[in-house]
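K.L.:
If it helps, the file is called query-v1.cif and holds mmCIF, C-alpha atoms:
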data_model
#
loop_
_atom_site.label_atom_id
_atom_site.label_comp_id
_atom_site.auth_asym_id
_atom_site.auth_seq_id
_atom_site.Cartn_x
_atom_site.Cartn_y
_atom_site.Cartn_z
CA MET A 81 0.00 0.00 0.00
CA ARG A 82 2.82 2.43 0.94
CA LYS A 83 4.67 1.69 -2.30
CA LYS A 84 1.52 2.39 -4.30
CA THR A 85 0.97 5.67 -2.43
CA ASN A 86 4.57 6.78 -3.06
CA THR A 87 4.27 5.94 -6.74
CA SER A 88 1.04 7.84 -6.99
CA LEU A 89 2.59 10.89 -5.31
CA LYS A 90 5.54 10.85 -7.70
CA GLU A 91 3.18 10.64 -10.65
CA ARG A 92 1.19 13.61 -9.40
CA LEU A 93 4.29 15.74 -8.84
CA ALA A 94 6.02 14.79 -12.08
CA LEU A 95 5.97 17.23 -14.98
CA LYS A 96 4.34 15.52 -17.92
CA ASN A 97 4.23 18.35 -20.45
CA LYS A 98 7.32 18.13 -22.66
CA LEU A 99 7.37 21.83 -23.52
CA VAL A 100 7.14 22.84 -19.86
CA LYS A 101 10.11 20.59 -19.09
CA GLU A 102 12.10 22.15 -21.93
CA ILE A 103 11.51 25.79 -21.02
CA LEU A 104 12.19 25.10 -17.34
CA ALA A 105 15.43 23.41 -18.35
CA GLU A 106 16.38 26.53 -20.36
CA PHE A 107 15.53 28.69 -17.35
CA LEU A 108 17.65 26.59 -15.01
CA GLY A 109 20.57 26.27 -17.42
CA THR A 110 20.69 30.01 -18.06
CA PHE A 111 20.33 30.68 -14.33
CA ILE A 112 23.38 28.50 -13.61
CA LEU A 113 25.39 30.17 -16.38
CA ILE A 114 24.66 33.66 -15.04
CA VAL A 115 25.17 32.90 -11.35
CA LEU A 116 28.54 31.19 -11.86
CA GLY A 117 29.75 33.57 -14.55
CA LEU A 118 28.77 36.86 -12.92
CA SER A 119 30.00 35.69 -9.53
CA SER A 120 33.48 35.32 -10.97
CA ILE A 121 33.38 38.96 -12.14
CA ALA A 122 32.00 40.06 -8.78
CA GLN A 123 34.76 38.29 -6.91
CA ALA A 124 37.45 39.76 -9.15
CA THR A 125 36.05 43.28 -9.02
CA LEU A 126 35.02 43.53 -5.37
CA SER A 127 38.35 42.12 -4.17
CA GLY A 128 40.23 44.76 -6.14
CA GLY A 129 41.71 42.08 -8.37
CA THR A 130 43.21 40.03 -5.53
CA LYS A 131 40.76 37.14 -5.98
CA GLY A 132 40.42 37.06 -9.74
CA ASP A 133 41.27 38.66 -13.06
CA ILE A 134 40.31 38.51 -16.73
CA LEU A 135 41.69 34.97 -17.04
CA THR A 136 39.74 33.59 -14.08
CA VAL A 137 36.58 35.24 -15.42
CA ASN A 138 37.00 33.65 -18.84
CA ILE A 139 37.69 30.25 -17.29
CA SER A 140 34.68 30.56 -14.98
CA PHE A 141 32.30 31.53 -17.77
CA SER A 142 33.50 28.70 -20.01
CA ILE A 143 33.06 26.09 -17.26
CA ALA A 144 29.68 27.63 -16.36
CA VAL A 145 28.55 27.07 -19.96
CA ALA A 146 29.53 23.40 -19.73
CA MET A 147 27.65 22.97 -16.43
CA ALA A 148 24.59 24.71 -17.87
CA VAL A 149 24.56 22.44 -20.93
CA TYR A 150 24.98 19.34 -18.76
CA VAL A 151 21.99 20.43 -16.66
CA ALA A 152 19.67 21.30 -19.55
CA GLY A 153 21.10 19.51 -22.57
CA GLY A 154 19.25 16.23 -22.24
CA ILE A 155 15.88 17.97 -21.89
CA SER A 156 15.89 21.08 -24.06
CA GLY A 157 19.20 20.89 -25.90
CA GLY A 158 20.83 23.26 -23.42
CA HIS A 159 20.80 26.30 -25.69
CA VAL A 160 20.92 28.88 -22.82
CA ASN A 161 21.28 31.49 -25.56
CA PRO A 162 18.56 32.99 -27.81
CA ALA A 163 21.03 33.12 -30.71
CA VAL A 164 21.54 29.37 -30.48
CA SER A 165 17.79 28.74 -30.25
CA LEU A 166 17.20 30.92 -33.33
CA ALA A 167 19.89 29.05 -35.26
CA MET A 168 18.29 25.74 -34.32
CA CYS A 169 14.94 26.98 -35.64
CA VAL A 170 16.49 28.12 -38.92
CA LEU A 171 18.08 24.69 -39.35
CA GLY A 172 14.85 22.90 -38.49
CA ARG A 173 16.14 21.42 -35.24
CA LEU A 174 13.70 23.37 -33.07
CA GLU A 175 10.06 24.16 -33.82
CA TRP A 176 9.48 27.86 -34.47
CA LYS A 177 6.50 27.89 -32.13
CA LYS A 178 8.82 27.00 -29.24
CA LEU A 179 11.25 29.85 -29.90
CA PRO A 180 9.37 32.64 -28.04
CA LEU A 181 9.05 30.52 -24.89
CA TYR A 182 12.65 29.37 -25.04
CA VAL A 183 13.82 32.98 -25.31
CA ILE A 184 11.50 34.26 -22.58
CA PHE A 185 12.67 31.65 -20.10
CA GLN A 186 16.31 32.17 -21.01
CA PHE A 187 15.86 35.86 -20.23
CA LEU A 188 14.01 35.07 -17.02
CA GLY A 189 16.77 32.68 -15.93
CA ALA A 190 19.38 35.36 -16.57
CA PHE A 191 17.38 37.97 -14.67
CA VAL A 192 16.86 35.74 -11.63
CA GLY A 193 20.52 34.72 -11.81
CA SER A 194 21.54 38.39 -11.74
CA ALA A 195 19.33 39.01 -8.72
CA THR A 196 20.92 36.01 -7.00
CA VAL A 197 24.45 37.34 -7.56
CA PHE A 198 23.33 40.75 -6.32
CA GLY A 199 21.99 39.13 -3.14
CA VAL A 200 25.04 36.97 -2.55
CA TYR A 201 27.47 39.86 -3.01
CA TYR A 202 25.26 42.66 -1.67
CA GLU A 203 27.39 43.43 1.37
CA ALA A 204 30.59 43.29 -0.68
CA LEU A 205 29.01 45.62 -3.25
CA MET A 206 28.05 48.13 -0.58
CA ASN A 207 31.50 47.92 1.00
CA TYR A 208 33.31 48.39 -2.32
CA SER A 209 31.08 51.16 -3.68
CA GLY A 210 30.32 52.98 -0.45
CA GLY A 211 26.65 52.35 -1.09
CA ILE A 212 26.68 54.25 -4.40
CA LEU A 213 26.04 52.06 -7.43
CA THR A 214 27.73 53.57 -10.47
CA VAL A 215 28.41 52.64 -14.08
CA THR A 216 31.65 54.61 -14.43
CA GLY A 217 34.31 55.85 -12.05
CA PRO A 218 36.91 54.22 -9.79
CA ASN A 219 34.32 52.18 -7.86
CA ALA A 220 32.02 51.29 -10.77
CA THR A 221 30.22 47.97 -10.41
CA ALA A 222 27.72 47.80 -13.30
CA HIS A 223 30.22 45.82 -15.39
CA ILE A 224 29.85 42.94 -12.93
CA PHE A 225 26.49 42.24 -14.53
CA ALA A 226 26.59 43.40 -18.15
CA THR A 227 29.25 43.82 -20.81
CA TYR A 228 30.22 47.29 -22.00
CA PRO A 229 32.09 48.43 -25.12
CA ALA A 230 35.58 49.85 -24.83
CA PRO A 231 35.64 53.67 -24.93
CA TYR A 232 37.35 53.69 -28.35
CA LEU A 233 34.78 51.41 -30.01
CA SER A 234 32.25 52.75 -32.54
CA ILE A 235 28.73 51.39 -32.92
CA MET A 236 29.70 49.75 -36.21
CA GLY A 237 32.84 48.29 -34.63
CA GLY A 238 30.78 46.81 -31.81
CA PHE A 239 28.24 45.41 -34.26
CA VAL A 240 30.94 43.73 -36.36
CA ASP A 241 32.63 42.38 -33.22
CA GLN A 242 29.47 40.72 -31.97
CA VAL A 243 28.39 39.37 -35.36
CA ILE A 244 31.76 37.72 -35.97
CA GLY A 245 31.99 36.36 -32.42
CA THR A 246 28.45 34.95 -32.50
CA ALA A 247 29.03 33.45 -35.95
CA LEU A 248 32.16 31.67 -34.72
CA LEU A 249 30.28 30.42 -31.66
CA LEU A 250 27.43 28.99 -33.74
CA LEU A 251 29.74 27.56 -36.40
CA VAL A 252 31.59 25.37 -33.91
CA ILE A 253 28.43 24.34 -32.04
CA LEU A 254 26.72 23.26 -35.25
CA ALA A 255 29.84 21.46 -36.45
CA LEU A 256 30.03 19.50 -33.20
CA PHE A 257 26.54 18.11 -33.69
CA ASP A 258 26.78 17.46 -37.42
CA ASN A 259 26.58 13.72 -37.99
CA ASN A 260 28.60 14.10 -41.19
CA ASN A 261 31.46 15.77 -39.35
CA LEU A 262 34.02 14.53 -36.86
CA ARG A 263 32.25 13.85 -33.58
CA VAL A 264 33.56 14.13 -30.06
CA PRO A 265 32.73 11.24 -27.70
CA LYS A 266 29.11 11.34 -26.62
CA GLY A 267 28.69 13.31 -23.42
CA LEU A 268 31.82 15.40 -23.93
CA GLU A 269 30.19 17.96 -26.22
CA PRO A 270 29.69 20.49 -23.37
CA VAL A 271 33.39 20.25 -22.53
CA VAL A 272 34.41 21.08 -26.10
CA ILE A 273 31.88 23.93 -26.22
CA SER A 274 33.33 25.32 -22.99
CA LEU A 275 36.83 25.23 -24.49
CA HIS A 276 35.52 27.14 -27.50
CA ILE A 277 33.88 29.72 -25.21
CA LEU A 278 37.18 30.10 -23.37
CA LEU A 279 39.00 30.66 -26.66
CA LEU A 280 36.46 33.24 -27.82
CA GLY A 281 36.76 35.11 -24.54
CA LEU A 282 40.53 35.16 -24.67
CA ALA A 283 40.64 36.13 -28.36
CA LEU A 284 37.62 38.44 -28.79
CA GLY A 285 36.96 39.89 -25.36
CA MET A 286 38.75 43.23 -25.66
CA ASN A 287 36.19 45.24 -27.64
CA CYS A 288 32.87 44.34 -26.06
CA GLY A 289 33.50 41.76 -23.39
CA CYS A 290 32.47 38.86 -25.64
CA ALA A 291 28.85 38.56 -24.51
CA LEU A 292 27.64 36.69 -27.66
CA ASN A 293 24.38 35.98 -25.82
CA PRO A 294 21.45 38.42 -25.64
CA ALA A 295 20.11 36.78 -22.48
CA ARG A 296 23.50 36.91 -20.75
CA ASP A 297 23.84 40.66 -21.43
CA LEU A 298 20.40 42.27 -21.69
CA SER A 299 18.69 40.61 -18.71
CA PRO A 300 21.50 41.52 -16.26
CA ARG A 301 21.55 45.02 -17.74
CA ILE A 302 17.82 45.42 -17.16
CA PHE A 303 18.31 44.12 -13.63
CA THR A 304 20.96 46.73 -12.90
CA ALA A 305 18.69 49.46 -14.30
CA VAL A 306 15.97 48.61 -11.77
CA ALA A 307 18.28 47.62 -8.89
CA GLY A 308 19.90 51.00 -8.39
CA TRP A 309 22.30 51.75 -11.25
CA GLY A 310 19.67 53.55 -13.28
CA MET A 311 19.25 54.08 -17.02
CA GLU A 312 22.92 54.99 -17.41
CA VAL A 313 23.58 51.26 -17.88
CA PHE A 314 22.24 51.63 -21.42
CA ARG A 315 24.52 54.53 -22.35
CA HIS A 316 28.06 54.28 -20.99
CA PRO A 317 31.13 52.04 -21.22
CA ALA A 318 32.49 50.64 -17.98
CA PRO A 319 35.99 50.25 -16.54
CA PRO A 320 38.03 47.02 -16.82
CA ILE A 321 37.50 44.18 -14.38
CA SER A 322 40.61 44.95 -12.34
CA LYS A 323 42.16 48.32 -11.66
CA PRO A 324 45.30 49.12 -13.70
CA VAL A 325 48.60 48.65 -11.95
CA PRO A 326 50.54 51.94 -11.74
CA ASN A 327 53.65 52.13 -13.90
CA ALA A 328 56.66 51.32 -11.76
CA ARG A 329 59.02 53.52 -13.76
#
Would you write the structure of this file as structure tokens?

P.N.:
Amino acid sequence: MRKKTNTSLKERLALKNKLVKEILAEFLGTFILIVLGLSSIAQATLSGGTKGDILTVNISFSIAVAMAVYVAGGISGGHVNPAVSLAMCVLGRLEWKKLPLYVIFQFLGAFVGSATVFGVYYEALMNYSGGILTVTGPNATAHIFATYPAPYLSIMGGFVDQVIGTALLLLVILALFDNNNLRVPKGLEPVVISLHILLLGLALGMNCGCALNPARDLSPRIFTAVAGWGMEVFRHPAPPISKPVPNAR
């Protein structure tokens, strides 16, 4: 009788709608990506560079992508990126009717992830910034959450940077899952994707921070706009992750 009751309870609690499972997987995967990735920037920035730098941030984001794909990949494909979902629709690997929900839940996952990082590092943020949340200046913190273009970069330069970076990202992802191409051992695809993300960050991160993911950048940016940084987050570049070391000469 007890076994039957337990089975019945599991059946009642189980999600049976395939689409609901998929969009929740995208939410959770994107949430994990944002929490782990942004936390690495927070740690590097709020410690004044003593507990992280541009290399640790790139490594953290690349591993976070792998973890996100492992969490969501078997259910939704682990896109965690609207650009990837759109590419899958164009190639016929994802139904177009699913795209809006995939994107919405990716953005929601990124927004909740940003709020989580803000909560975890709230006291450190207040200590570092003196309670004043700014986009620019010596104690700027907005760049913990969103990427910003370098001061020298034009709008066209930023556009080209992101188009090329996103194209390279999608090219490798699609090649990995092409049955007519060389395949990595099953289950190791997220590891190879993470290595590619690491390479992109190290090679193409100077201009715009190598976001390559609308959910990763726009949702955290919207969060900062409503969490105290204001609308300036949509207008200004931000300082580098760590403060420059004074010239010893």

K.L.:
Quick one: which residues end up in the PyMOL selection byres ((chain A and resi 133) around 12) for this structure, as a list in words?

P.N.:
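In the shown coordinates, the PyMOL selection byres ((chain A and resi 133) around 12) covers Ser120, Ile121, Ala122, Gln123, Ala124, Thr125, Leu126, Ser127, Gly128, Gly129, Thr130, Lys131, Gly132, Ile134, Leu135, Thr136, Val137, Asn138, Ile139, Ser140, Pro320, Ile321, Ser322, Lys323 and Pro324 of chain A.
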
K.L.:
Take the PyMOL selection byres ((chain A and resi 154) around 12), run it mentally on this structure, and tell me the resulting residues as a list in words.

P.N.:
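This file, filtered by the PyMOL selection byres ((chain A and resi 154) around 12), leaves Lys101, Glu102, Ala105, Glu106, Gly109, Ala148, Val149, Tyr150, Val151, Ala152, Gly153, Ile155, Ser156, Gly157, Gly158, His159, Lys266, Gly267, Glu269 and Pro270 of chain A.
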
K.L.:
Determine the nearest neighbour of Asn293 of chain A from the options A:Met236, A:Val164, A:Leu188, A:Met206, counting only C-alpha atoms.

P.N.:
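Distance minimum relative to Asn293 of chain A lands on A:Val164.
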
K.L.:
Report as a PyMOL selection string the residues that result from applying the PyMOL selection byres ((chain A and resi 114) around 12) to the structure here.

P.N.:
chain A and resi 107-113+115-122+140-145+147-148+160-161+186-198+224-226+291+293+295-300

K.L.:
Find the spatial neighbours of Leu292 of chain A, counting only C-alpha atoms, within a cut-off of 12 Å - ignore same-chain residues fewer than 2 positions away - and output them as a PyMOL selection string.

P.N.:
chain A and resi 160-164+226-227+238-250+277+280-281+284-285+288-290+294-298

K.L.:
Mind pulling up the distance from atom CA of Ser165 of chain A to atom CA of Gly199 of chain A?

P.N.:
29.3 Å

K.L.:
For a test of reading the model, state the distance in Å between atom CA of Ser234 of chain A and atom CA of Ala220 of chain A, rounded to one decimal.

P.N.:
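Computing the Euclidean distance for atom CA of Ser234 of chain A and atom CA of Ala220 of chain A yields 21.8 Å.
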
K.L.:
Kindly add N, CA, C and O atoms to the incomplete segment 235-259 of chain A and provide the output as a CSV table (one decimal), in the frame of the given file.

P.N.:
chain,number,residue,atom,x,y,z
A,235,ILE,N,29.9,52.3,-32.9
A,235,ILE,CA,28.7,51.4,-32.9
A,235,ILE,C,28.9,50.3,-34.0
A,235,ILE,O,28.6,49.1,-33.8
A,236,MET,N,29.4,50.7,-35.1
A,236,MET,CA,29.7,49.8,-36.2
A,236,MET,C,30.8,48.7,-35.8
A,236,MET,O,30.6,47.5,-36.1
A,237,GLY,N,31.8,49.2,-35.1
A,237,GLY,CA,32.8,48.3,-34.6
A,237,GLY,C,32.3,47.3,-33.6
A,237,GLY,O,32.6,46.1,-33.7
A,238,GLY,N,31.4,47.7,-32.8
A,238,GLY,CA,30.8,46.8,-31.8
A,238,GLY,C,29.9,45.8,-32.5
A,238,GLY,O,29.8,44.6,-32.1
A,239,PHE,N,29.1,46.3,-33.5
A,239,PHE,CA,28.2,45.4,-34.3
A,239,PHE,C,29.0,44.3,-35.0
A,239,PHE,O,28.7,43.1,-34.9
A,240,VAL,N,30.1,44.7,-35.6
A,240,VAL,CA,30.9,43.7,-36.4
A,240,VAL,C,31.5,42.7,-35.4
A,240,VAL,O,31.6,41.5,-35.6
A,241,ASP,N,32.0,43.2,-34.2
A,241,ASP,CA,32.6,42.4,-33.2
A,241,ASP,C,31.7,41.3,-32.8
A,241,ASP,O,32.0,40.1,-32.7
A,242,GLN,N,30.4,41.7,-32.5
A,242,GLN,CA,29.5,40.7,-32.0
A,242,GLN,C,29.0,39.8,-33.0
A,242,GLN,O,28.7,38.6,-32.8
A,243,VAL,N,28.8,40.2,-34.3
A,243,VAL,CA,28.4,39.4,-35.4
A,243,VAL,C,29.4,38.3,-35.6
A,243,VAL,O,29.1,37.1,-35.8
A,244,ILE,N,30.7,38.7,-35.7
A,244,ILE,CA,31.8,37.7,-36.0
A,244,ILE,C,31.9,36.7,-34.8
A,244,ILE,O,32.0,35.5,-35.0
A,245,GLY,N,31.9,37.2,-33.6
A,245,GLY,CA,32.0,36.4,-32.4
A,245,GLY,C,30.9,35.4,-32.3
A,245,GLY,O,31.1,34.2,-32.1
A,246,THR,N,29.6,35.8,-32.6
A,246,THR,CA,28.4,35.0,-32.5
A,246,THR,C,28.5,33.9,-33.6
A,246,THR,O,28.1,32.8,-33.4
A,247,ALA,N,28.9,34.4,-34.8
A,247,ALA,CA,29.0,33.4,-36.0
A,247,ALA,C,30.0,32.3,-35.7
A,247,ALA,O,29.8,31.2,-36.0
A,248,LEU,N,31.2,32.7,-35.1
A,248,LEU,CA,32.2,31.7,-34.7
A,248,LEU,C,31.6,30.7,-33.7
A,248,LEU,O,31.9,29.5,-33.7
A,249,LEU,N,30.9,31.3,-32.7
A,249,LEU,CA,30.3,30.4,-31.7
A,249,LEU,C,29.3,29.4,-32.3
A,249,LEU,O,29.4,28.2,-32.0
A,250,LEU,N,28.4,29.9,-33.1
A,250,LEU,CA,27.4,29.0,-33.7
A,250,LEU,C,28.1,28.0,-34.7
A,250,LEU,O,27.6,26.8,-34.8
A,251,LEU,N,29.1,28.4,-35.4
A,251,LEU,CA,29.7,27.6,-36.4
A,251,LEU,C,30.3,26.3,-35.7
A,251,LEU,O,30.1,25.2,-36.2
A,252,VAL,N,31.0,26.5,-34.6
A,252,VAL,CA,31.6,25.4,-33.9
A,252,VAL,C,30.5,24.5,-33.3
A,252,VAL,O,30.6,23.3,-33.3
A,253,ILE,N,29.5,25.1,-32.7
A,253,ILE,CA,28.4,24.3,-32.0
A,253,ILE,C,27.7,23.5,-33.1
A,253,ILE,O,27.5,22.3,-32.8
A,254,LEU,N,27.4,24.0,-34.2
A,254,LEU,CA,26.7,23.3,-35.2
A,254,LEU,C,27.6,22.2,-35.8
A,254,LEU,O,27.2,21.1,-36.1
A,255,ALA,N,28.9,22.5,-35.9
A,255,ALA,CA,29.8,21.5,-36.4
A,255,ALA,C,30.0,20.3,-35.5
A,255,ALA,O,30.1,19.1,-35.9
A,256,LEU,N,29.9,20.6,-34.2
A,256,LEU,CA,30.0,19.5,-33.2
A,256,LEU,C,28.9,18.5,-33.3
A,256,LEU,O,29.1,17.3,-33.0
A,257,PHE,N,27.7,19.0,-33.7
A,257,PHE,CA,26.5,18.1,-33.7
A,257,PHE,C,26.1,17.7,-35.1
A,257,PHE,O,25.0,17.2,-35.3
A,258,ASP,N,27.0,17.9,-36.0
A,258,ASP,CA,26.8,17.5,-37.4
A,258,ASP,C,27.2,16.0,-37.6
A,258,ASP,O,28.4,15.7,-37.4
A,259,ASN,N,26.3,15.1,-37.9
A,259,ASN,CA,26.6,13.7,-38.0
A,259,ASN,C,27.6,13.4,-39.1
A,259,ASN,O,28.2,12.3,-39.1
